[in-house]
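Chemist: I'd like to ask some things about the structure below.
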Amino acid sequence: MGKKKIVVAYSGGLDTSVMVKWLNDKYDAEIITATGNLGQRAELEGLEEKAIKTGAVKAVVKDMRHEFLTEYVWQALKAGALYEGVYPMACAIGRPLLAKFLVDIAIQEGADAVSHGCTGKGNDQVRFEVGVQTLAPELEIIAPLRDWEFKSREEEIDYAKKYNIPVKVTKKSPYSIDENIWGIAIECGVLEDPTAAPPEDAYQITTSPKNASEEGQVVTISFEKGIPVALNGIALAPIDLVEQLNKIGGANGIGRMDLIENRVVGIKSREVYEAPAAVILHKAHNELEKLIMDKETFRFKQDVSNKVANLIYDGLWFTPLFKALMAFVDSTQENLTGDIKLEFYKGNIKVLSRSSQFSLYSQQLATYTADDTFDHKSSTGFMKIYGLPYKTMTQVKNSLEKKEVA
Ligand code: ARG
């Protein structure tokens, strides 16, 4: 029997670098690192070399940004999935893709196990492990951060020094940051105190609304079947479209969130997020649905949005319910084609205009002018029938009261 093979989700940071060496020693295993580029700004250059120097036998780095947006993010956008009504879930949407990436490499390489650098109290362990178990139940999953001996960052640094593991020991930011093209999550440091407002230095990609330009900016977003395809009339590839909206939105102070959130493991955590493009696109997409979707579908979809958000947050992407709900969502997006014009101004988004060939808005029906075509008289009978149960109810109550008095 050959050596054990482990595929490690690798970022090149301290934790995952130490993991490579630690797993190598503890399991006498061959380590293959896997790094998915989902649009994090972290340095990917030289990462393969670094992984090999750290003790990996092979390093895989893959640009997954397009796949991330088209196969994962667009699903969540079409579903209108915002966790607890607000969080666009950049981290939560990225994990199933990374789990699939780990599994694909493990199968390709004939590996026995996969390993990730998530802690025991976070959501990301859930998303990785439920994903991996669903896609490849035969794979062992190792989570060193849950059971290794290191108790602090300093101990990990000492270990890295001892074994010549190349880690950039820069002055550590007080925050823990997880990032991809759909958004950034910022935790730790002073943010752990929910009575303290986030200091300005916690924000990584947005300008403070206070300092944003006085002019603001107007942008028209075009959707086709629920997917954004153009900005200001210019067709753009998904990566370009999201990057541009992050830039424009960020410059106008759009996309900041400061939340208390319920984690899968039951604790409440304080989370600061920045996701300009996600906030803008959810707003525009929802606005288009209001214009195009019939009343009952729109109302029902609000419940579905919430359910889909919970499934994604809870790591249940590769499940039958998610698939079934997304089939519903997709069928609601058939006519979701049109333009939304927005104005960004100091952290706010204002809708300036909405238009679509599929719009169900009829000005002739809505108008209060002489052009009105709505049949007011037909409402007379409708009111009688619609109010009937409650009218009856009060009549019965009144007659009972009369009897009591008599
Ligand atoms: N609370 C967020 C979520 O569950 C952010 C997680 C951030 N992850 C991290 N490794 N810092 O999606």
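FYI, nothing fancy with the structure tokens labels: chains A, B, ... in order, residues from 1 per chain, ligands from 1 as they appear.
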Under the rule of at most 9 Å, produce a per-residue listing of chain A near ligand 1: chain, number, name, the closest pair of atoms, and the distance in Å, as a Markdown table, using only C-alpha atoms and all ligand atoms.

Modeler:
```
| residue | atom | partner | partner_atom_place_in_ligand_line | distance |
| --- | --- | --- | --- | --- |
| A:Tyr87 | CA | ligand 1 | 12 (O) | 8.3 |
| A:Pro88 | CA | ligand 1 | 12 (O) | 8.8 |
| A:Met89 | CA | ligand 1 | 12 (O) | 5.5 |
| A:Ala90 | CA | ligand 1 | 12 (O) | 6.7 |
| A:Cys91 | CA | ligand 1 | 12 (O) | 4.5 |
| A:Ala92 | CA | ligand 1 | 12 (O) | 4.5 |
| A:Ile93 | CA | ligand 1 | 12 (O) | 8.0 |
| A:Arg95 | CA | ligand 1 | 12 (O) | 9.0 |
| A:Gly117 | CA | ligand 1 | 10 (N) | 8.7 |
| A:Cys118 | CA | ligand 1 | 10 (N) | 6.8 |
| A:Thr119 | CA | ligand 1 | 10 (N) | 8.3 |
| A:Gly122 | CA | ligand 1 | 4 (O) | 6.8 |
| A:Asn123 | CA | ligand 1 | 4 (O) | 4.9 |
| A:Asp124 | CA | ligand 1 | 4 (O) | 6.3 |
| A:Ser176 | CA | ligand 1 | 11 (N) | 5.6 |
| A:Ile177 | CA | ligand 1 | 11 (N) | 5.3 |
| A:Asp178 | CA | ligand 1 | 11 (N) | 4.6 |
| A:Glu179 | CA | ligand 1 | 11 (N) | 8.2 |
| A:Ile184 | CA | ligand 1 | 5 (C) | 8.2 |
| A:Ala185 | CA | ligand 1 | 5 (C) | 5.2 |
| A:Ile186 | CA | ligand 1 | 11 (N) | 6.6 |
| A:Glu187 | CA | ligand 1 | 11 (N) | 6.5 |
| A:Cys188 | CA | ligand 1 | 11 (N) | 8.9 |
| A:Glu261 | CA | ligand 1 | 1 (N) | 7.3 |
| A:Asn262 | CA | ligand 1 | 1 (N) | 8.5 |
| A:Arg263 | CA | ligand 1 | 4 (O) | 6.7 |
| A:Val264 | CA | ligand 1 | 4 (O) | 8.2 |
| A:Ser269 | CA | ligand 1 | 1 (N) | 7.3 |
| A:Arg270 | CA | ligand 1 | 1 (N) | 8.1 |
| A:Glu271 | CA | ligand 1 | 1 (N) | 6.2 |
| A:Val272 | CA | ligand 1 | 5 (C) | 8.6 |
| A:Tyr273 | CA | ligand 1 | 5 (C) | 8.2 |
| A:Tyr313 | CA | ligand 1 | 12 (O) | 6.5 |
| A:Asp314 | CA | ligand 1 | 4 (O) | 8.5 |
```

Chemist: For segment 284-294 of chain A, work out the shell of residues within 10 Å, counting only C-alpha atoms and skipping chain neighbours fewer than 3 positions away, then give it as a count of residues only.

Modeler: 41

Chemist: Skip Ala113 of chain A itself and residues of its chain fewer than 2 positions away, then list as a list in words all residues within 6 Å of it, counting only C-alpha atoms.

Modeler: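 Here the qualifying residues turn out to be Ile6, Ala111, Leu139, Glu140 and Ile141 of chain A.
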
Chemist: Just N, CA, C and O atoms for this one: save the residues we selected as a short mmCIF file (atom, residue, chain, number, x, y, z; two decimals), in the first residue's frame.

Modeler:
```
data_model
loop_
_atom_site.label_atom_id
_atom_site.label_comp_id
_atom_site.auth_asym_id
_atom_site.auth_seq_id
_atom_site.Cartn_x
_atom_site.Cartn_y
_atom_site.Cartn_z
N ILE A 6 -3.49 13.22 1.01
CA ILE A 6 -4.48 14.16 1.54
C ILE A 6 -4.51 15.43 0.66
O ILE A 6 -3.45 16.01 0.37
N ALA A 111 -6.79 10.32 -3.89
CA ALA A 111 -6.50 10.63 -2.48
C ALA A 111 -7.47 9.92 -1.54
O ALA A 111 -8.56 9.51 -1.95
N LEU A 139 -14.59 9.67 1.18
CA LEU A 139 -13.42 10.44 1.58
C LEU A 139 -13.42 10.73 3.08
O LEU A 139 -14.44 11.09 3.66
N GLU A 140 -12.23 10.58 3.67
CA GLU A 140 -12.07 10.98 5.07
C GLU A 140 -11.92 12.51 5.10
O GLU A 140 -11.38 13.10 4.16
N ILE A 141 -12.41 13.15 6.16
CA ILE A 141 -12.27 14.60 6.27
C ILE A 141 -11.47 14.92 7.53
O ILE A 141 -11.79 14.45 8.62
#
```

Chemist: Give the answer as one residue: which of A:Lys225, A:Lys268, A:Glu154, A:Glu138 has the shortest atom-to-atom distance to Asp193 of chain A, using only C-alpha atoms?

Modeler: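 Going through A:Lys225, A:Lys268, A:Glu154, A:Glu138 one by one, the smallest distance to Asp193 of chain A is for A:Lys268.
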
Chemist: List every residue of segment 132-181 of chain A that DSSP, applied to the backbone of this structure, places in strand (DSSP E), and write the result as a PyMOL selection string.

Modeler: chain A and resi 140-142+176-180

Chemist: Quick one: distance from atom CA of Gln75 of chain A to atom CA of Ala34 of chain A in Å, one decimal?

Modeler: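 Between atom CA of Gln75 of chain A and atom CA of Ala34 of chain A the gap is 24.4 Å.
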
Chemist: In Å, rounded to a single decimal, give me how far atom CA of Trp22 of chain A is from atom CA of Gln108 of chain A.

Modeler: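 Answer for the atom CA of Gln108 of chain A to atom CA of Trp22 of chain A separation: 23.3 Å.
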